[in-house]
>>> print(open('query-v6.tsv').read())   # TSV, C-alpha atoms
chain	number	residue	atom	x	y	z
A	1416	MET	CA	-18.88	-2.85	6.05
A	1417	ASN	CA	-17.79	-6.28	7.36
A	1418	ARG	CA	-14.19	-5.45	6.46
A	1419	LEU	CA	-14.38	-2.24	8.49
A	1420	LYS	CA	-15.85	-4.17	11.43
A	1421	ASP	CA	-13.05	-6.72	11.29
A	1422	LYS	CA	-10.49	-3.93	11.14
A	1423	PHE	CA	-12.07	-2.19	14.13
A	1424	PHE	CA	-12.02	-5.32	16.29
A	1425	SER	CA	-8.46	-6.13	15.23
A	1426	TYR	CA	-7.35	-2.62	16.15
A	1427	ILE	CA	-8.94	-2.46	19.61
A	1428	THR	CA	-7.73	-5.93	20.59
A	1429	ALA	CA	-4.19	-5.16	19.44
A	1430	LYS	CA	-3.85	-1.59	20.72
A	1431	GLU	CA	-6.62	-0.74	23.19
A	1432	GLY	CA	-6.59	-3.71	25.58
A	1433	PHE	CA	-9.94	-5.21	24.53
A	1434	TYR	CA	-10.76	-8.84	23.95
A	1435	VAL	CA	-13.70	-10.24	22.01
A	1436	GLU	CA	-16.41	-12.75	22.80
A	1437	PHE	CA	-19.06	-14.28	20.59
A	1438	TYR	CA	-22.72	-15.10	21.06
A	1439	ILE	CA	-25.57	-16.21	18.82
A	1440	SER	CA	-28.22	-13.69	17.84
A	1441	GLN	CA	-31.64	-15.28	18.36
A	1442	TYR	CA	-33.23	-12.83	15.92
A	1443	ARG	CA	-30.64	-12.91	13.15
A	1444	ASN	CA	-29.51	-16.49	13.80
A	1445	ASN	CA	-25.84	-15.71	13.30
A	1446	GLN	CA	-22.72	-15.16	15.37
A	1447	MET	CA	-22.29	-11.72	16.90
A	1448	THR	CA	-19.08	-10.15	18.19
A	1449	ILE	CA	-18.74	-8.01	21.29
A	1450	ALA	CA	-15.54	-6.28	22.44
A	1451	LEU	CA	-14.90	-6.24	26.19
A	1452	LYS	CA	-12.42	-4.48	28.43
A	1453	ARG	CA	-12.20	-4.75	32.19
A	1454	VAL	CA	-12.12	-1.41	33.98
A	1455	PRO	CA	-12.44	-0.51	37.70
A	1456	GLN	CA	-16.19	0.07	37.25
A	1457	GLY	CA	-16.77	-3.35	35.66
A	1458	ILE	CA	-16.89	-4.23	31.94
A	1459	TYR	CA	-16.57	-1.68	29.14
A	1460	ALA	CA	-18.35	-3.24	26.14
A	1461	ILE	CA	-18.62	-2.21	22.48
A	1462	ILE	CA	-20.80	-3.68	19.74
A	1463	LEU	CA	-20.94	-2.78	16.05
A	1464	THR	CA	-24.22	-2.82	14.17
A	1465	ASP	CA	-26.08	-1.02	11.38
A	1466	ASP	CA	-29.07	1.29	11.51
A	1467	LYS	CA	-31.43	-1.52	10.43
A	1468	TYR	CA	-30.68	-3.76	13.43
A	1469	GLU	CA	-29.38	-1.33	16.04
A	1470	ASN	CA	-32.22	-1.79	18.56
A	1471	ILE	CA	-32.27	-5.58	18.19
A	1472	ASP	CA	-28.49	-5.93	18.44
A	1473	TYR	CA	-28.35	-3.55	21.39
A	1474	ASN	CA	-30.99	-5.47	23.36
A	1475	GLU	CA	-29.38	-8.84	22.65
A	1476	ALA	CA	-25.96	-7.54	23.71
A	1477	LEU	CA	-27.58	-6.07	26.84
A	1478	TYR	CA	-29.06	-9.48	27.69
A	1479	TYR	CA	-25.70	-11.19	27.07
A	1480	LEU	CA	-23.89	-8.82	29.43
A	1481	LYS	CA	-26.52	-9.15	32.17
A	1482	GLN	CA	-25.90	-12.91	32.25
A	1483	LYS	CA	-22.36	-12.21	33.46
A	1484	GLY	CA	-23.65	-10.74	36.72
A	1485	GLU	CA	-21.15	-7.87	36.72
A	1486	GLY	CA	-21.37	-4.14	36.33
A	1487	PHE	CA	-21.00	-2.98	32.75
A	1488	SER	CA	-21.45	-0.12	30.32
A	1489	LEU	CA	-22.51	-0.92	26.77
A	1490	HIS	CA	-21.48	1.31	23.87
A	1491	THR	CA	-22.92	0.93	20.38
A	1492	ILE	CA	-21.32	1.93	17.08
A	1493	VAL	CA	-23.98	2.20	14.39
A	1494	PHE	CA	-22.96	2.20	10.72
A	1495	THR	CA	-25.29	3.87	8.27
A	1496	SER	CA	-25.38	4.75	4.58
A	1497	GLU	CA	-27.47	7.85	5.25
A	1498	SER	CA	-25.72	11.23	5.19
A	1499	ILE	CA	-28.18	12.56	7.78
A	1500	TYR	CA	-29.06	10.40	10.78
A	1501	ASN	CA	-32.04	10.75	13.12
A	1502	PRO	CA	-30.94	9.18	16.41
A	1503	SER	CA	-33.04	6.67	18.31
A	1504	TYR	CA	-33.04	7.87	21.90
A	1505	SER	CA	-33.82	4.40	23.26
A	1506	ILE	CA	-30.08	3.61	23.09
A	1507	ASP	CA	-27.49	5.39	25.23
A	1508	ASN	CA	-23.76	5.63	24.60
A	1509	LYS	CA	-24.01	5.53	20.83
A	1510	VAL	CA	-21.82	6.68	17.96
A	1511	VAL	CA	-23.18	6.79	14.41
A	1512	VAL	CA	-20.74	6.49	11.50
A	1513	ASP	CA	-21.18	6.87	7.74
A	1514	TYR	CA	-19.42	3.66	6.68
A	1515	SER	CA	-18.64	4.91	3.16
A	1516	SER	CA	-16.66	7.94	4.36
A	1517	GLY	CA	-15.92	7.20	8.03
A	1518	LYS	CA	-17.54	10.51	9.02
A	1519	ILE	CA	-19.01	10.72	12.53
A	1520	LEU	CA	-22.69	11.68	12.18
A	1521	TYR	CA	-23.76	11.47	15.83
A	1522	CYS	CA	-22.05	10.96	19.17
A	1523	ASP	CA	-23.45	10.73	22.69
A	1524	GLN	CA	-21.56	12.35	25.53
A	1525	GLY	CA	-19.02	9.97	27.01
A	1526	CYS	CA	-18.27	8.27	23.68
A	1527	GLU	CA	-15.29	10.47	22.80
A	1528	PRO	CA	-12.77	7.63	23.39
A	1529	ILE	CA	-14.66	5.50	20.85
A	1530	VAL	CA	-14.64	8.36	18.33
A	1531	ARG	CA	-10.86	8.54	18.68
A	1532	ILE	CA	-10.58	4.81	18.01
A	1533	ILE	CA	-12.88	5.04	14.98
A	1534	ARG	CA	-10.79	7.84	13.51
A	1535	ASN	CA	-7.60	5.88	14.05
A	1536	VAL	CA	-9.13	2.89	12.28
A	1537	THR	CA	-10.62	4.79	9.34
A	1538	VAL	CA	-7.71	7.17	8.72
A	1539	ASN	CA	-5.69	4.45	6.97
A	1540	ASN	CA	-8.66	3.61	4.74
A	1541	GLU	CA	-9.00	7.30	3.87
A	1542	LYS	CA	-5.29	7.53	3.04
A	1543	ILE	CA	-5.52	4.51	0.74
A	1544	VAL	CA	-8.62	5.89	-1.00
A	1545	SER	CA	-7.14	9.39	-1.38
A	1546	GLU	CA	-3.86	7.94	-2.71
A	1547	PHE	CA	-5.72	5.91	-5.34
A	1548	LYS	CA	-7.92	8.86	-6.33
A	1549	ARG	CA	-4.91	11.13	-6.69
A	1550	TYR	CA	-3.02	8.65	-8.87
A	1551	CYS	CA	-5.87	6.62	-10.34
A	1552	ILE	CA	-4.39	6.62	-13.87
A	1553	THR	CA	-1.04	5.26	-12.68
A	1554	TYR	CA	-2.59	2.57	-10.51
A	1555	THR	CA	-5.10	1.59	-13.21
A	1556	LEU	CA	-2.32	1.20	-15.79
A	1557	ILE	CA	-0.34	-0.96	-13.36
A	1558	ILE	CA	-3.39	-3.12	-12.59
A	1559	VAL	CA	-4.13	-3.65	-16.30
A	1560	ASN	CA	-0.50	-4.59	-17.04
A	1561	VAL	CA	-0.33	-6.99	-14.09
A	1562	ALA	CA	-3.70	-8.58	-14.93
A	1563	LEU	CA	-2.69	-9.23	-18.54
A	1564	PHE	CA	0.64	-10.64	-17.39
A	1565	ILE	CA	-1.13	-13.08	-15.07
A	1566	ILE	CA	-3.26	-14.29	-17.99
A	1567	CYS	CA	-0.18	-14.72	-20.19
A	1568	ALA	CA	1.71	-16.50	-17.40
A	1569	LEU	CA	-1.16	-18.91	-16.82
A	1570	LYS	CA	-1.38	-19.68	-20.51
A	1571	SER	CA	2.40	-20.14	-20.73
A	1572	ARG	CA	2.69	-21.95	-17.39
A	1573	ASN	CA	5.81	-19.88	-16.86
A	1574	ILE	CA	6.35	-16.49	-15.22
A	1575	PHE	CA	9.96	-15.94	-16.31
A	1576	ASP	CA	9.67	-16.50	-20.04
A	1577	ILE	CA	6.24	-16.03	-21.60
A	1578	ASP	CA	5.54	-18.21	-24.64
A	1579	PRO	CA	5.89	-16.07	-27.83
A	1580	TYR	CA	2.78	-17.70	-29.28
A	1581	VAL	CA	0.81	-16.63	-26.21
A	1582	LEU	CA	2.09	-13.06	-26.66
A	1583	LEU	CA	1.10	-13.19	-30.33
A	1584	ASP	CA	-2.35	-14.41	-29.38
A	1585	MET	CA	-2.71	-11.67	-26.74
A	1586	GLY	CA	-1.70	-8.80	-29.05
A	1587	ALA	CA	2.08	-8.48	-29.39
A	1588	LYS	CA	3.49	-6.22	-32.10
A	1589	TYR	CA	4.41	-8.35	-35.11
A	1590	GLY	CA	4.71	-6.72	-38.52
A	1591	PRO	CA	3.30	-9.49	-40.76
A	1592	TYR	CA	0.16	-9.79	-38.62
A	1593	ILE	CA	-0.29	-6.03	-38.62
A	1594	TYR	CA	0.29	-5.52	-42.36
A	1595	PHE	CA	-1.23	-8.65	-43.88
A	1596	GLY	CA	-3.83	-9.27	-41.19
A	1597	ASP	CA	-4.87	-5.63	-40.81
A	1598	GLU	CA	-4.39	-5.98	-37.05
A	1599	TRP	CA	-3.34	-2.39	-36.38
A	1600	TRP	CA	-4.69	-2.56	-32.84
A	1601	ARG	CA	-1.51	-4.46	-31.97
A	1602	LEU	CA	0.36	-1.15	-32.04
A	1603	ILE	CA	-1.49	-0.27	-28.81
A	1604	SER	CA	-2.08	-3.67	-27.21
A	1605	CYS	CA	1.61	-4.61	-27.27
A	1606	ASN	CA	2.29	-1.82	-24.75
A	1607	PHE	CA	0.34	-3.69	-22.07
A	1608	LEU	CA	2.09	-7.06	-22.44
A	1609	HIS	CA	5.40	-8.25	-20.97
A	1610	GLY	CA	7.78	-11.08	-21.75
A	1611	GLY	CA	8.51	-12.15	-18.18
A	1612	ILE	CA	8.18	-11.26	-14.52
A	1613	LEU	CA	11.42	-9.24	-14.41
A	1614	HIS	CA	10.36	-7.29	-17.49
A	1615	LEU	CA	7.04	-6.50	-15.81
A	1616	VAL	CA	8.53	-5.58	-12.41
A	1617	PHE	CA	11.11	-3.17	-13.84
A	1618	ASN	CA	8.56	-1.43	-16.05
A	1619	MET	CA	5.84	-1.21	-13.38
A	1620	TYR	CA	8.30	0.16	-10.83
A	1621	ALA	CA	9.36	2.84	-13.32
A	1622	LEU	CA	5.71	3.59	-14.11
A	1623	TYR	CA	4.90	3.85	-10.39
A	1624	ILE	CA	7.70	6.39	-9.83
A	1625	ILE	CA	7.46	8.42	-13.03
A	1626	GLY	CA	3.72	8.11	-13.66
A	1627	LYS	CA	2.72	9.70	-10.36
A	1628	GLN	CA	4.93	12.70	-11.12
A	1629	ILE	CA	3.34	13.15	-14.54
A	1630	GLU	CA	-0.15	12.77	-13.05
A	1631	ASP	CA	0.62	15.60	-10.62
A	1632	LEU	CA	2.33	17.89	-13.13
A	1633	TYR	CA	0.15	17.47	-16.22
A	1634	GLY	CA	-3.15	16.17	-14.90
A	1635	LYS	CA	-4.97	12.95	-15.65
A	1636	LYS	CA	-6.22	13.63	-19.19
A	1637	ALA	CA	-2.87	14.93	-20.40
A	1638	TYR	CA	-1.07	12.05	-18.68
A	1639	ILE	CA	-3.05	9.27	-20.33
A	1640	THR	CA	-2.78	11.10	-23.69
A	1641	ILE	CA	1.02	11.33	-23.44
A	1642	TYR	CA	1.25	7.72	-22.28
A	1643	LEU	CA	-0.84	6.26	-25.10
A	1644	LEU	CA	0.71	8.46	-27.82
A	1645	SER	CA	4.23	7.58	-26.63
A	1646	GLY	CA	3.44	3.88	-26.62
A	1647	LEU	CA	1.88	4.16	-30.07
A	1648	GLY	CA	4.81	6.19	-31.39
A	1649	GLY	CA	7.28	3.59	-30.15
A	1650	SER	CA	5.26	0.78	-31.72
A	1651	ILE	CA	5.01	2.56	-35.07
A	1652	LEU	CA	8.77	3.23	-35.26
A	1653	SER	CA	9.47	-0.38	-34.29
A	1654	TYR	CA	6.98	-1.61	-36.89
A	1655	TYR	CA	8.66	0.31	-39.73
A	1656	LEU	CA	12.30	-0.27	-38.74
A	1657	SER	CA	12.00	-3.77	-37.29
A	1658	PRO	CA	8.83	-5.22	-38.83
A	1659	THR	CA	9.57	-8.90	-38.26
A	1660	SER	CA	10.47	-8.62	-34.57
A	1661	LEU	CA	8.03	-9.67	-31.86
A	1662	SER	CA	7.73	-6.74	-29.47
A	1663	VAL	CA	5.94	-6.21	-26.15
A	1664	GLY	CA	6.31	-3.94	-23.14
A	1665	ALA	CA	5.41	-0.57	-21.65
A	1666	SER	CA	8.96	0.77	-22.08
A	1667	GLY	CA	8.14	3.02	-25.05
A	1668	ALA	CA	5.30	4.68	-23.14
A	1669	ILE	CA	7.48	5.05	-20.02
A	1670	PHE	CA	10.30	6.62	-22.05
A	1671	GLY	CA	7.67	9.03	-23.34
A	1672	LEU	CA	6.83	9.96	-19.74
A	1673	LEU	CA	10.51	10.63	-19.09
A	1674	SER	CA	10.47	12.95	-22.10
A	1675	ALA	CA	7.42	14.69	-20.64
A	1676	LEU	CA	9.32	15.24	-17.37
A	1677	LEU	CA	12.23	16.65	-19.36
A	1678	VAL	CA	9.92	19.03	-21.25
A	1679	TYR	CA	8.39	20.22	-17.99
A	1680	ALA	CA	11.80	20.64	-16.32
A	1681	TYR	CA	13.12	22.67	-19.25
A	1682	ASN	CA	10.11	24.98	-19.40
A	1683	GLU	CA	10.10	25.45	-15.62
A	1684	ARG	CA	13.89	25.58	-15.26
A	1685	GLY	CA	13.67	28.94	-13.50
A	1686	ARG	CA	11.78	27.55	-10.51
A	1687	ILE	CA	12.86	23.92	-10.12
A	1688	GLN	CA	15.97	22.65	-8.41
A	1689	LYS	CA	19.27	22.87	-10.26
A	1690	GLY	CA	20.43	19.70	-11.90
A	1691	ALA	CA	16.96	18.35	-12.67
A	1692	ILE	CA	17.45	18.58	-16.44
A	1693	SER	CA	20.92	17.02	-16.42
A	1694	ASN	CA	19.68	14.24	-14.12
A	1695	LEU	CA	16.80	13.43	-16.47
A	1696	LEU	CA	19.10	13.44	-19.50
A	1697	PHE	CA	21.44	11.10	-17.62
A	1698	VAL	CA	18.59	8.69	-16.75
A	1699	ILE	CA	17.32	8.65	-20.34
A	1700	GLY	CA	20.84	8.19	-21.73
A	1701	ILE	CA	21.74	5.37	-19.34
A	1702	ASN	CA	18.54	3.49	-20.11
A	1703	LEU	CA	19.07	3.85	-23.85
A	1704	LEU	CA	22.66	2.59	-23.55
A	1705	PHE	CA	21.45	-0.31	-21.43
A	1706	GLY	CA	18.93	-1.22	-24.12
A	1707	LEU	CA	21.54	-1.02	-26.86
A	1708	SER	CA	23.89	-3.29	-24.94
A	1709	MET	CA	21.32	-6.02	-24.25
A	1710	PRO	CA	19.87	-8.55	-26.72
A	1711	ASN	CA	16.16	-8.79	-27.49
A	1712	ILE	CA	15.49	-5.15	-26.56
A	1713	ASP	CA	13.23	-3.09	-28.83
A	1714	ASN	CA	15.34	0.07	-28.95
A	1715	TYR	CA	13.24	1.52	-31.76
A	1716	GLY	CA	10.27	1.36	-29.43
A	1717	HIS	CA	12.22	3.27	-26.80
A	1718	ILE	CA	13.40	5.94	-29.22
A	1719	GLY	CA	9.94	6.33	-30.74
A	1720	GLY	CA	8.48	6.74	-27.25
A	1721	ILE	CA	11.02	9.42	-26.36
A	1722	VAL	CA	10.39	11.42	-29.55
A	1723	VAL	CA	6.58	11.23	-29.50
A	1724	GLY	CA	6.48	11.77	-25.74
A	1725	GLY	CA	8.61	14.89	-26.08
A	1726	ILE	CA	6.58	16.33	-28.97
A	1727	SER	CA	3.17	15.60	-27.47
A	1728	SER	CA	4.11	16.86	-24.01
A	1729	TYR	CA	5.54	20.06	-25.54
A	1730	PHE	CA	2.21	20.93	-27.14
A	1731	ILE	CA	0.22	19.78	-24.11
A	1732	TYR	CA	2.42	21.81	-21.75
A	1733	ASN	CA	1.89	24.98	-23.79
A	1734	LEU	CA	-1.86	24.36	-23.93
A	1735	LEU	CA	-2.00	23.90	-20.16
A	1736	LYS	CA	0.14	27.01	-19.73
A	1737	LYS	CA	-2.34	29.10	-21.72
A	1738	GLN	CA	-5.18	27.71	-19.62
A	1739	GLY	CA	-3.30	28.48	-16.41
A	1740	LYS	CA	-3.23	24.82	-15.39
A	1741	VAL	CA	0.52	24.31	-15.05
A	1742	VAL	CA	1.40	23.53	-11.45
>>> encode(input="query-v6.tsv", output="structure tokens")
Amino acid sequence: MNRLKDKFFSYITAKEGFYVEFYISQYRNNQMTIALKRVPQGIYAIILTDDKYENIDYNEALYYLKQKGEGFSLHTIVFTSESIYNPSYSIDNKVVVDYSSGKILYCDQGCEPIVRIIRNVTVNNEKIVSEFKRYCITYTLIIVNVALFIICALKSRNIFDIDPYVLLDMGAKYGPYIYFGDEWWRLISCNFLHGGILHLVFNMYALYIIGKQIEDLYGKKAYITIYLLSGLGGSILSYYLSPTSLSVGASGAIFGLLSALLVYAYNERGRIQKGAISNLLFVIGINLLFGLSMPNIDNYGHIGGIVVGGISSYFIYNLLKKQGKVV
């Protein structure tokens, strides 16, 4: 709630011509903030409080304003966690807001301008929340990858070239450890590690662009299934064809998502824009050629991701089609 209060005061001082003053609450023994704006009738004042302290905060703000010896009107914004609010009629000019959703629960006549301000302040919060909810799998995958990279970078004391021994310790794919050490979990964990900041940025940007499309087209459960299976498929192919190489990165899983887009585009070719399939084939081909032309690239991981991503998304697409869930 404090963050929302700070955002409200920042907004009205920047865009609504208010300024803020501070005073000490005798009851709560802490600093209180009041927003003030000079109007022809005197001072237009706004305080923010919660339903527990609304009467106390209102009376203290009233006393503070009276000391100025000018005409004023005091407006109170009350934040509450209750979905239903029973107003206290001892306070005039009041707006009650559910701070978890930003919904206006109660508004006195004459407080419409404040309601407009509240909606302007909370709309950005709602957009951020709705964006994260819509693409929660994509954002969660990015957060996990970034968090693990930070740990690796701290251990390596280097963001451009992560120490191979740190990657091994964190779960990189390495055939001898997998076969002789029975550490098969590395076939999954390696997909969440990266060898340097550029490696991470390129993969996370691709995941941000492609992942959100898959999340919309296939749904969250299908998306995470395709992602994990593609990453696993790439790791398995790399393990068998390049067992002694140290391999990390989300590329195999991301190539699998590209395959899933291709499968969707092919099956829905009658109602999507022309050129979508050829564009996807071009993107996949260019990225494969780029990998083949660069050293230290796990191309088997990429190819395995493409194949498993294509196969798994084919079956998932047909299952969703039967259930009527294809968008």
>>> atom_distance(input="query-v6.tsv", atom1="CA of Pro1710 (chain A)", atom2="CA of Ser1660 (chain A)")
12.2 Å
>>> residues_around(input="query-v6.tsv", residues="region 1685-1702 of chain A", least_positions_apart="6", cutoff="12 Å", atoms="all atoms listed in the file", output="VMD selection string")
chain A and resid 1617 to 1618 1621 1625 1666 to 1667 1669 to 1679 1708 to 1709 1712 1714 1717 to 1718 1720 to 1722 1742
>>> write_last_selection(input="query-v6.tsv", atoms="C-alpha atoms", output="compact mmCIF listing (two decimals), keeping the file's coordinate frame")
# COMPACT_ATOMS: atom_id res chain seq x y z
CA PHE A 1617 11.11 -3.17 -13.84
CA ASN A 1618 8.56 -1.43 -16.05
CA ALA A 1621 9.36 2.84 -13.32
CA ILE A 1625 7.46 8.42 -13.03
CA SER A 1666 8.96 0.77 -22.08
CA GLY A 1667 8.14 3.02 -25.05
CA ILE A 1669 7.48 5.05 -20.02
CA PHE A 1670 10.30 6.62 -22.05
CA GLY A 1671 7.67 9.03 -23.34
CA LEU A 1672 6.83 9.96 -19.74
CA LEU A 1673 10.51 10.63 -19.09
CA SER A 1674 10.47 12.95 -22.10
CA ALA A 1675 7.42 14.69 -20.64
CA LEU A 1676 9.32 15.24 -17.37
CA LEU A 1677 12.23 16.65 -19.36
CA VAL A 1678 9.92 19.03 -21.25
CA TYR A 1679 8.39 20.22 -17.99
CA SER A 1708 23.89 -3.29 -24.94
CA MET A 1709 21.32 -6.02 -24.25
CA ILE A 1712 15.49 -5.15 -26.56
CA ASN A 1714 15.34 0.07 -28.95
CA HIS A 1717 12.22 3.27 -26.80
CA ILE A 1718 13.40 5.94 -29.22
CA GLY A 1720 8.48 6.74 -27.25
CA ILE A 1721 11.02 9.42 -26.36
CA VAL A 1722 10.39 11.42 -29.55
CA VAL A 1742 1.40 23.53 -11.45
>>> closest_residue(input="query-v6.tsv", among="A:Leu1489, A:Ile1566, A:Ile1731, A:Ala1450", to="Tyr1426 (chain A)", atoms="all atoms listed in the file")
A:Ala1450
>>> atom_distance(input="query-v6.tsv", atom1="CA of Phe1730 (chain A)", atom2="CA of Leu1703 (chain A)")
24.2 Å
>>> residues_around(input="query-v6.tsv", residues="region 1604-1611 of chain A", least_positions_apart="5", cutoff="10 Å", atoms="all atoms listed in the file", output="JSON, numbers by chain")
{"A": [1556, 1557, 1559, 1560, 1561, 1562, 1563, 1564, 1567, 1568, 1573, 1574, 1575, 1576, 1577, 1578, 1579, 1581, 1582, 1583, 1585, 1586, 1587, 1588, 1589, 1599, 1616, 1618, 1642, 1643, 1645, 1646, 1647, 1649, 1650, 1661, 1662, 1663, 1664, 1665, 1666, 1667, 1668, 1669, 1716]}
>>> closest_residue(input="query-v6.tsv", among="A:Ala1476, A:Val1723, A:Ile1533, A:Ala1680", to="Leu1652 (chain A)", atoms="all atoms listed in the file")
A:Val1723
